$ cat data_7.pdb   # PDB, N, CA and C atoms, pLDDT in the B column
ATOM      1  N   MET A 214       1.885 -48.368  30.409  1.00 88.00           N
ATOM      2  CA  MET A 214       3.000 -48.283  31.343  1.00 88.00           C
ATOM      3  C   MET A 214       3.805 -49.584  31.278  1.00 88.00           C
ATOM      4  N   PRO A 215       5.111 -49.538  31.008  1.00 92.00           N
ATOM      5  CA  PRO A 215       5.902 -50.773  30.943  1.00 92.00           C
ATOM      6  C   PRO A 215       6.143 -51.357  32.330  1.00 92.00           C
ATOM      7  N   LYS A 216       6.509 -52.625  32.354  1.00 90.00           N
ATOM      8  CA  LYS A 216       6.834 -53.270  33.620  1.00 90.00           C
ATOM      9  C   LYS A 216       8.111 -52.666  34.188  1.00 90.00           C
ATOM     10  N   VAL A 217       8.226 -52.664  35.507  1.00 92.00           N
ATOM     11  CA  VAL A 217       9.434 -52.176  36.160  1.00 92.00           C
ATOM     12  C   VAL A 217      10.405 -53.339  36.255  1.00 92.00           C
ATOM     13  N   LYS A 218      11.605 -53.140  35.738  1.00 94.00           N
ATOM     14  CA  LYS A 218      12.570 -54.243  35.706  1.00 94.00           C
ATOM     15  C   LYS A 218      13.387 -54.304  36.994  1.00 94.00           C
ATOM     16  N   THR A 219      13.736 -55.523  37.383  1.00 95.00           N
ATOM     17  CA  THR A 219      14.623 -55.763  38.513  1.00 95.00           C
ATOM     18  C   THR A 219      16.034 -55.355  38.109  1.00 95.00           C
ATOM     19  N   LYS A 220      16.803 -54.800  39.047  1.00 96.00           N
ATOM     20  CA  LYS A 220      18.210 -54.480  38.789  1.00 96.00           C
ATOM     21  C   LYS A 220      18.979 -55.784  38.610  1.00 96.00           C
ATOM     22  N   SER A 221      19.616 -55.955  37.465  1.00 96.00           N
ATOM     23  CA  SER A 221      20.235 -57.248  37.145  1.00 96.00           C
ATOM     24  C   SER A 221      21.411 -57.569  38.066  1.00 96.00           C
ATOM     25  N   GLY A 222      22.142 -56.543  38.537  1.00 96.00           N
ATOM     26  CA  GLY A 222      23.244 -56.788  39.465  1.00 96.00           C
ATOM     27  C   GLY A 222      22.744 -57.306  40.803  1.00 96.00           C
ATOM     28  N   ALA A 223      21.648 -56.737  41.284  1.00 96.00           N
ATOM     29  CA  ALA A 223      21.065 -57.168  42.560  1.00 96.00           C
ATOM     30  C   ALA A 223      20.491 -58.574  42.444  1.00 96.00           C
ATOM     31  N   LYS A 224      19.939 -58.879  41.282  1.00 95.00           N
ATOM     32  CA  LYS A 224      19.366 -60.207  41.054  1.00 95.00           C
ATOM     33  C   LYS A 224      20.429 -61.291  41.214  1.00 95.00           C
ATOM     34  N   LYS A 225      21.670 -60.983  40.783  1.00 96.00           N
ATOM     35  CA  LYS A 225      22.765 -61.950  40.870  1.00 96.00           C
ATOM     36  C   LYS A 225      23.343 -62.045  42.272  1.00 96.00           C
ATOM     37  N   ARG A 226      23.245 -60.982  43.056  1.00 96.00           N
ATOM     38  CA  ARG A 226      23.937 -60.924  44.347  1.00 96.00           C
ATOM     39  C   ARG A 226      23.103 -61.344  45.546  1.00 96.00           C
ATOM     40  N   PHE A 227      21.784 -61.265  45.458  1.00 97.00           N
ATOM     41  CA  PHE A 227      20.935 -61.513  46.617  1.00 97.00           C
ATOM     42  C   PHE A 227      19.939 -62.630  46.348  1.00 97.00           C
ATOM     43  N   LYS A 228      19.614 -63.386  47.411  1.00 96.00           N
ATOM     44  CA  LYS A 228      18.607 -64.444  47.333  1.00 96.00           C
ATOM     45  C   LYS A 228      17.636 -64.260  48.491  1.00 96.00           C
ATOM     46  N   LEU A 229      16.399 -64.658  48.287  1.00 94.00           N
ATOM     47  CA  LEU A 229      15.397 -64.582  49.345  1.00 94.00           C
ATOM     48  C   LEU A 229      15.293 -65.903  50.092  1.00 94.00           C
ATOM     49  N   THR A 230      15.094 -65.833  51.404  1.00 94.00           N
ATOM     50  CA  THR A 230      14.834 -67.038  52.185  1.00 94.00           C
ATOM     51  C   THR A 230      13.332 -67.303  52.185  1.00 94.00           C
ATOM     52  N   ALA A 231      12.942 -68.431  52.714  1.00 95.00           N
ATOM     53  CA  ALA A 231      11.523 -68.791  52.765  1.00 95.00           C
ATOM     54  C   ALA A 231      10.741 -67.845  53.669  1.00 95.00           C
ATOM     55  N   THR A 232      11.409 -67.273  54.678  1.00 93.00           N
ATOM     56  CA  THR A 232      10.735 -66.358  55.599  1.00 93.00           C
ATOM     57  C   THR A 232      10.749 -64.910  55.105  1.00 93.00           C
ATOM     58  N   GLY A 233      11.386 -64.662  53.952  1.00 92.00           N
ATOM     59  CA  GLY A 233      11.377 -63.326  53.371  1.00 92.00           C
ATOM     60  C   GLY A 233      12.599 -62.486  53.678  1.00 92.00           C
ATOM     61  N   LYS A 234      13.585 -63.062  54.392  1.00 95.00           N
ATOM     62  CA  LYS A 234      14.820 -62.334  54.642  1.00 95.00           C
ATOM     63  C   LYS A 234      15.713 -62.426  53.402  1.00 95.00           C
ATOM     64  N   ILE A 235      16.705 -61.564  53.329  1.00 97.00           N
ATOM     65  CA  ILE A 235      17.559 -61.510  52.149  1.00 97.00           C
ATOM     66  C   ILE A 235      18.951 -62.024  52.505  1.00 97.00           C
ATOM     67  N   LYS A 236      19.430 -63.008  51.732  1.00 97.00           N
ATOM     68  CA  LYS A 236      20.757 -63.563  51.943  1.00 97.00           C
ATOM     69  C   LYS A 236      21.754 -62.862  51.030  1.00 97.00           C
ATOM     70  N   ARG A 237      23.004 -62.815  51.486  1.00 97.00           N
ATOM     71  CA  ARG A 237      24.065 -62.213  50.696  1.00 97.00           C
ATOM     72  C   ARG A 237      25.361 -62.983  50.918  1.00 97.00           C
ATOM     73  N   LYS A 238      26.325 -62.772  50.031  1.00 96.00           N
ATOM     74  CA  LYS A 238      27.638 -63.379  50.197  1.00 96.00           C
ATOM     75  C   LYS A 238      28.566 -62.385  50.875  1.00 96.00           C
ATOM     76  N   HIS A 239      29.637 -62.914  51.481  1.00 96.00           N
ATOM     77  CA  HIS A 239      30.633 -62.071  52.129  1.00 96.00           C
ATOM     78  C   HIS A 239      31.635 -61.552  51.110  1.00 96.00           C
ATOM     79  N   ALA A 240      32.212 -60.415  51.408  1.00 96.00           N
ATOM     80  CA  ALA A 240      33.282 -59.851  50.589  1.00 96.00           C
ATOM     81  C   ALA A 240      34.623 -60.445  51.030  1.00 96.00           C
ATOM     82  N   TYR A 241      35.691 -60.069  50.336  1.00 96.00           N
ATOM     83  CA  TYR A 241      37.066 -60.443  50.678  1.00 96.00           C
ATOM     84  C   TYR A 241      37.350 -61.933  50.529  1.00 96.00           C
ATOM     85  N   LYS A 242      36.730 -62.587  49.566  1.00 95.00           N
ATOM     86  CA  LYS A 242      36.954 -64.020  49.381  1.00 95.00           C
ATOM     87  C   LYS A 242      37.471 -64.326  47.982  1.00 95.00           C
ATOM     88  N   SER A 243      37.911 -63.309  47.226  1.00 95.00           N
ATOM     89  CA  SER A 243      38.272 -63.567  45.835  1.00 95.00           C
ATOM     90  C   SER A 243      39.769 -63.634  45.575  1.00 95.00           C
ATOM     91  N   HIS A 244      40.565 -62.829  46.251  1.00 96.00           N
ATOM     92  CA  HIS A 244      42.011 -62.860  45.987  1.00 96.00           C
ATOM     93  C   HIS A 244      42.783 -62.451  47.242  1.00 96.00           C
ATOM     94  N   ILE A 245      44.102 -62.555  47.174  1.00 96.00           N
ATOM     95  CA  ILE A 245      45.004 -62.366  48.320  1.00 96.00           C
ATOM     96  C   ILE A 245      44.557 -63.266  49.478  1.00 96.00           C
ATOM     97  N   LEU A 246      44.423 -64.532  49.180  1.00 97.00           N
ATOM     98  CA  LEU A 246      43.906 -65.478  50.163  1.00 97.00           C
ATOM     99  C   LEU A 246      45.011 -66.117  50.998  1.00 97.00           C
ATOM    100  N   THR A 247      46.285 -65.955  50.586  1.00 97.00           N
ATOM    101  CA  THR A 247      47.365 -66.635  51.306  1.00 97.00           C
ATOM    102  C   THR A 247      47.571 -66.078  52.706  1.00 97.00           C
ATOM    103  N   LYS A 248      47.345 -64.784  52.892  1.00 97.00           N
ATOM    104  CA  LYS A 248      47.565 -64.189  54.215  1.00 97.00           C
ATOM    105  C   LYS A 248      46.361 -64.326  55.129  1.00 97.00           C
ATOM    106  N   LYS A 249      45.230 -64.762  54.595  1.00 97.00           N
ATOM    107  CA  LYS A 249      44.029 -64.941  55.419  1.00 97.00           C
ATOM    108  C   LYS A 249      44.037 -66.344  56.015  1.00 97.00           C
ATOM    109  N   SER A 250      43.605 -66.443  57.260  1.00 97.00           N
ATOM    110  CA  SER A 250      43.614 -67.744  57.930  1.00 97.00           C
ATOM    111  C   SER A 250      42.539 -68.657  57.341  1.00 97.00           C
ATOM    112  N   THR A 251      42.734 -69.937  57.536  1.00 98.00           N
ATOM    113  CA  THR A 251      41.783 -70.935  57.033  1.00 98.00           C
ATOM    114  C   THR A 251      40.404 -70.725  57.652  1.00 98.00           C
ATOM    115  N   LYS A 252      40.389 -70.417  58.947  1.00 98.00           N
ATOM    116  CA  LYS A 252      39.119 -70.182  59.645  1.00 98.00           C
ATOM    117  C   LYS A 252      38.388 -68.981  59.058  1.00 98.00           C
ATOM    118  N   ARG A 253      39.141 -67.915  58.789  1.00 97.00           N
ATOM    119  CA  ARG A 253      38.537 -66.707  58.220  1.00 97.00           C
ATOM    120  C   ARG A 253      37.963 -66.982  56.836  1.00 97.00           C
ATOM    121  N   LYS A 254      38.711 -67.701  55.998  1.00 97.00           N
ATOM    122  CA  LYS A 254      38.234 -68.020  54.643  1.00 97.00           C
ATOM    123  C   LYS A 254      36.999 -68.916  54.698  1.00 97.00           C
ATOM    124  N   ARG A 255      36.999 -69.856  55.635  1.00 97.00           N
ATOM    125  CA  ARG A 255      35.854 -70.763  55.776  1.00 97.00           C
ATOM    126  C   ARG A 255      34.605 -69.985  56.197  1.00 97.00           C
ATOM    127  N   ASN A 256      34.773 -69.034  57.104  1.00 97.00           N
ATOM    128  CA  ASN A 256      33.628 -68.247  57.557  1.00 97.00           C
ATOM    129  C   ASN A 256      33.130 -67.288  56.485  1.00 97.00           C
ATOM    130  N   LEU A 257      34.006 -66.845  55.602  1.00 96.00           N
ATOM    131  CA  LEU A 257      33.594 -65.962  54.510  1.00 96.00           C
ATOM    132  C   LEU A 257      32.798 -66.709  53.445  1.00 96.00           C
ATOM    133  N   THR A 258      32.952 -68.042  53.410  1.00 96.00           N
ATOM    134  CA  THR A 258      32.222 -68.846  52.419  1.00 96.00           C
ATOM    135  C   THR A 258      30.730 -68.913  52.742  1.00 96.00           C
ATOM    136  N   GLN A 259      30.392 -68.842  54.034  1.00 96.00           N
ATOM    137  CA  GLN A 259      28.994 -68.975  54.439  1.00 96.00           C
ATOM    138  C   GLN A 259      28.199 -67.731  54.056  1.00 96.00           C
ATOM    139  N   MET A 260      26.905 -67.933  53.849  1.00 95.00           N
ATOM    140  CA  MET A 260      26.025 -66.820  53.494  1.00 95.00           C
ATOM    141  C   MET A 260      25.710 -65.988  54.735  1.00 95.00           C
ATOM    142  N   GLY A 261      25.551 -64.696  54.538  1.00 96.00           N
ATOM    143  CA  GLY A 261      25.143 -63.801  55.600  1.00 96.00           C
ATOM    144  C   GLY A 261      23.766 -63.243  55.287  1.00 96.00           C
ATOM    145  N   GLN A 262      23.272 -62.405  56.174  1.00 96.00           N
ATOM    146  CA  GLN A 262      21.982 -61.763  55.940  1.00 96.00           C
ATOM    147  C   GLN A 262      22.181 -60.263  55.779  1.00 96.00           C
ATOM    148  N   VAL A 263      21.353 -59.663  54.964  1.00 97.00           N
ATOM    149  CA  VAL A 263      21.388 -58.214  54.774  1.00 97.00           C
ATOM    150  C   VAL A 263      20.861 -57.560  56.046  1.00 97.00           C
ATOM    151  N   HIS A 264      21.530 -56.508  56.492  1.00 96.00           N
ATOM    152  CA  HIS A 264      21.132 -55.816  57.713  1.00 96.00           C
ATOM    153  C   HIS A 264      19.775 -55.138  57.516  1.00 96.00           C
ATOM    154  N   GLU A 265      19.049 -55.004  58.617  1.00 95.00           N
ATOM    155  CA  GLU A 265      17.701 -54.419  58.569  1.00 95.00           C
ATOM    156  C   GLU A 265      17.701 -53.021  57.948  1.00 95.00           C
ATOM    157  N   SER A 266      18.738 -52.247  58.223  1.00 97.00           N
ATOM    158  CA  SER A 266      18.791 -50.880  57.706  1.00 97.00           C
ATOM    159  C   SER A 266      18.989 -50.850  56.189  1.00 97.00           C
ATOM    160  N   ASP A 267      19.581 -51.887  55.616  1.00 96.00           N
ATOM    161  CA  ASP A 267      19.806 -51.945  54.167  1.00 96.00           C
ATOM    162  C   ASP A 267      18.718 -52.725  53.439  1.00 96.00           C
ATOM    163  N   GLU A 268      17.884 -53.421  54.188  1.00 95.00           N
ATOM    164  CA  GLU A 268      16.888 -54.312  53.592  1.00 95.00           C
ATOM    165  C   GLU A 268      15.945 -53.570  52.641  1.00 95.00           C
ATOM    166  N   GLY A 269      15.529 -52.378  53.009  1.00 95.00           N
ATOM    167  CA  GLY A 269      14.608 -51.605  52.176  1.00 95.00           C
ATOM    168  C   GLY A 269      15.198 -51.268  50.821  1.00 95.00           C
ATOM    169  N   ARG A 270      16.476 -50.854  50.820  1.00 96.00           N
ATOM    170  CA  ARG A 270      17.137 -50.529  49.553  1.00 96.00           C
ATOM    171  C   ARG A 270      17.278 -51.744  48.649  1.00 96.00           C
ATOM    172  N   VAL A 271      17.628 -52.893  49.258  1.00 96.00           N
ATOM    173  CA  VAL A 271      17.794 -54.107  48.473  1.00 96.00           C
ATOM    174  C   VAL A 271      16.451 -54.568  47.909  1.00 96.00           C
ATOM    175  N   LYS A 272      15.409 -54.490  48.725  1.00 95.00           N
ATOM    176  CA  LYS A 272      14.081 -54.866  48.246  1.00 95.00           C
ATOM    177  C   LYS A 272      13.633 -53.958  47.113  1.00 95.00           C
ATOM    178  N   ALA A 273      14.004 -52.686  47.169  1.00 95.00           N
ATOM    179  CA  ALA A 273      13.667 -51.767  46.088  1.00 95.00           C
ATOM    180  C   ALA A 273      14.381 -52.153  44.800  1.00 95.00           C
ATOM    181  N   MET A 274      15.640 -52.575  44.918  1.00 95.00           N
ATOM    182  CA  MET A 274      16.391 -53.000  43.735  1.00 95.00           C
ATOM    183  C   MET A 274      15.836 -54.281  43.141  1.00 95.00           C
ATOM    184  N   LEU A 275      15.347 -55.168  44.042  1.00 94.00           N
ATOM    185  CA  LEU A 275      14.772 -56.436  43.586  1.00 94.00           C
ATOM    186  C   LEU A 275      13.296 -56.294  43.230  1.00 94.00           C
ATOM    187  N   ARG A 276      12.728 -55.100  43.481  1.00 94.00           N
ATOM    188  CA  ARG A 276      11.309 -54.813  43.196  1.00 94.00           C
ATOM    189  C   ARG A 276      10.395 -55.750  43.986  1.00 94.00           C
ATOM    190  N   ILE A 277      10.725 -55.907  45.292  1.00 89.00           N
ATOM    191  CA  ILE A 277       9.903 -56.748  46.183  1.00 89.00           C
ATOM    192  C   ILE A 277       9.073 -55.818  47.056  1.00 89.00           C
ATOM    193  N   GLY A 278       7.757 -56.039  47.069  1.00 75.00           N
ATOM    194  CA  GLY A 278       6.816 -55.337  47.911  1.00 75.00           C
ATOM    195  C   GLY A 278       7.193 -54.044  48.398  1.00 75.00           C
TER     196      GLY A 278
END
$ encode --input "data_7.pdb" --output "structure tokens"
Amino acid sequence: MPKVKTKSGAKKRFKLTATGKIKRKHAYKSHILTKKSTKRKRNLTQMGQVHESDEGRVKAMLRIG
């Protein structure tokens, strides 16, 4: 039986914290930035957490427990 591979797209998009939660980046930070306020752009730069309801799917893609 071959090893089960991690989804390469998920590997690039998500990181694990020390406590086992999953970090993610915010959307809407790549283009059309002139109409967005400085505060909004600054808040989009910070990392967010994956919601509990999506955590199972992300863990499946990352092949975590």
$ residues_around --input "data_7.pdb" --residues "Lys218 of chain A" --least-positions-apart "4" --cutoff "10 Å" --atoms "only C-alpha atoms" --output "MDAnalysis selection string"
chainID A and resid 274:276
$ atom_distance --input "data_7.pdb" --atom1 "atom CA of Thr230 of chain A" --atom2 "atom C of Arg255 of chain A"
20.4 Å
$ select_by_dssp --input "data_7.pdb" --residues "chain A" --states "strand (DSSP E)" --output "VMD selection string"
chain A and resid 228 to 229 235 to 237 261 to 262
$ resolve_selection --input "data_7.pdb" --expression "the PyMOL selection byres (((chain A and resi 219 and name CA) around 10) and name CA)" --output "short mmCIF file (atom, residue, chain, number, x, y, z; two decimals) with N, CA and C atoms, in the coordinates of the input"
data_model
loop_
_atom_site.label_atom_id
_atom_site.label_comp_id
_atom_site.auth_asym_id
_atom_site.auth_seq_id
_atom_site.Cartn_x
_atom_site.Cartn_y
_atom_site.Cartn_z
N LYS A 216 6.51 -52.62 32.35
CA LYS A 216 6.83 -53.27 33.62
C LYS A 216 8.11 -52.67 34.19
N VAL A 217 8.23 -52.66 35.51
CA VAL A 217 9.43 -52.18 36.16
C VAL A 217 10.40 -53.34 36.26
N LYS A 218 11.60 -53.14 35.74
CA LYS A 218 12.57 -54.24 35.71
C LYS A 218 13.39 -54.30 36.99
N LYS A 220 16.80 -54.80 39.05
CA LYS A 220 18.21 -54.48 38.79
C LYS A 220 18.98 -55.78 38.61
N SER A 221 19.62 -55.96 37.47
CA SER A 221 20.24 -57.25 37.15
C SER A 221 21.41 -57.57 38.07
N GLY A 222 22.14 -56.54 38.54
CA GLY A 222 23.24 -56.79 39.47
C GLY A 222 22.74 -57.31 40.80
N ALA A 223 21.65 -56.74 41.28
CA ALA A 223 21.06 -57.17 42.56
C ALA A 223 20.49 -58.57 42.44
N LYS A 224 19.94 -58.88 41.28
CA LYS A 224 19.37 -60.21 41.05
C LYS A 224 20.43 -61.29 41.21
N LYS A 272 15.41 -54.49 48.72
CA LYS A 272 14.08 -54.87 48.25
C LYS A 272 13.63 -53.96 47.11
N ALA A 273 14.00 -52.69 47.17
CA ALA A 273 13.67 -51.77 46.09
C ALA A 273 14.38 -52.15 44.80
N MET A 274 15.64 -52.58 44.92
CA MET A 274 16.39 -53.00 43.74
C MET A 274 15.84 -54.28 43.14
N LEU A 275 15.35 -55.17 44.04
CA LEU A 275 14.77 -56.44 43.59
C LEU A 275 13.30 -56.29 43.23
N ARG A 276 12.73 -55.10 43.48
CA ARG A 276 11.31 -54.81 43.20
C ARG A 276 10.40 -55.75 43.99
N ILE A 277 10.72 -55.91 45.29
CA ILE A 277 9.90 -56.75 46.18
C ILE A 277 9.07 -55.82 47.06
#
$ atom_distance --input "data_7.pdb" --atom1 "atom C of Gly269 of chain A" --atom2 "atom N of Asn256 of chain A"
27.2 Å
$ closest_residue --input "data_7.pdb" --among "A:Ser266, A:Pro215, A:Gly278, A:Thr258" --to "Ala240 of chain A" --atoms "all atoms listed in the file"
A:Thr258
$ resolve_selection --input "data_7.pdb" --expression "the PyMOL selection byres (((chain A and resi 241 and name CA) around 12) and name CA)" --output "list of chain:residue names"
A:Lys238, A:His239, A:Ala240, A:Lys242, A:Ser243, A:His244, A:Ile245, A:Leu246, A:Lys248, A:Lys249, A:Arg253, A:Lys254, A:Arg255, A:Asn256, A:Leu257, A:Thr258
$ closest_residue --input "data_7.pdb" --among "A:Lys252, A:Arg237, A:Arg270, A:His264" --to "Lys225 of chain A" --atoms "only C-alpha atoms"
A:Arg237
$ resolve_selection --input "data_7.pdb" --expression "the PyMOL selection byres ((chain A and resi 262) around 6.5)" --output "list in words"
Ile235, Lys236, Arg237, Met260, Gly261, Val263 and His264 of chain A
$ atom_distance --input "data_7.pdb" --atom1 "atom N of Phe227 of chain A" --atom2 "atom CA of Asp267 of chain A"
12.9 Å
$ select_by_dssp --input "data_7.pdb" --residues "chain A" --states "helix (DSSP H, G or I)" --output "list in words"
Ser221, Gly222, Ala223, Lys224, Lys225, Arg226, Thr251, Lys252, Arg253, Lys254, Arg255, Asn256, Leu257, Thr258, Glu265, Ser266, Asp267, Glu268, Gly269, Arg270, Val271, Lys272, Ala273, Met274 and Leu275 of chain A
$ axis_aligned_box --input "data_7.pdb" --around "segment 236-254 of chain A" --padding-each-side "8 Å" --output "JSON"
{"center_x": 33.5, "center_y": -65.4, "center_z": 52.6, "size_x": 44.1, "size_y": 27.1, "size_z": 30.1}
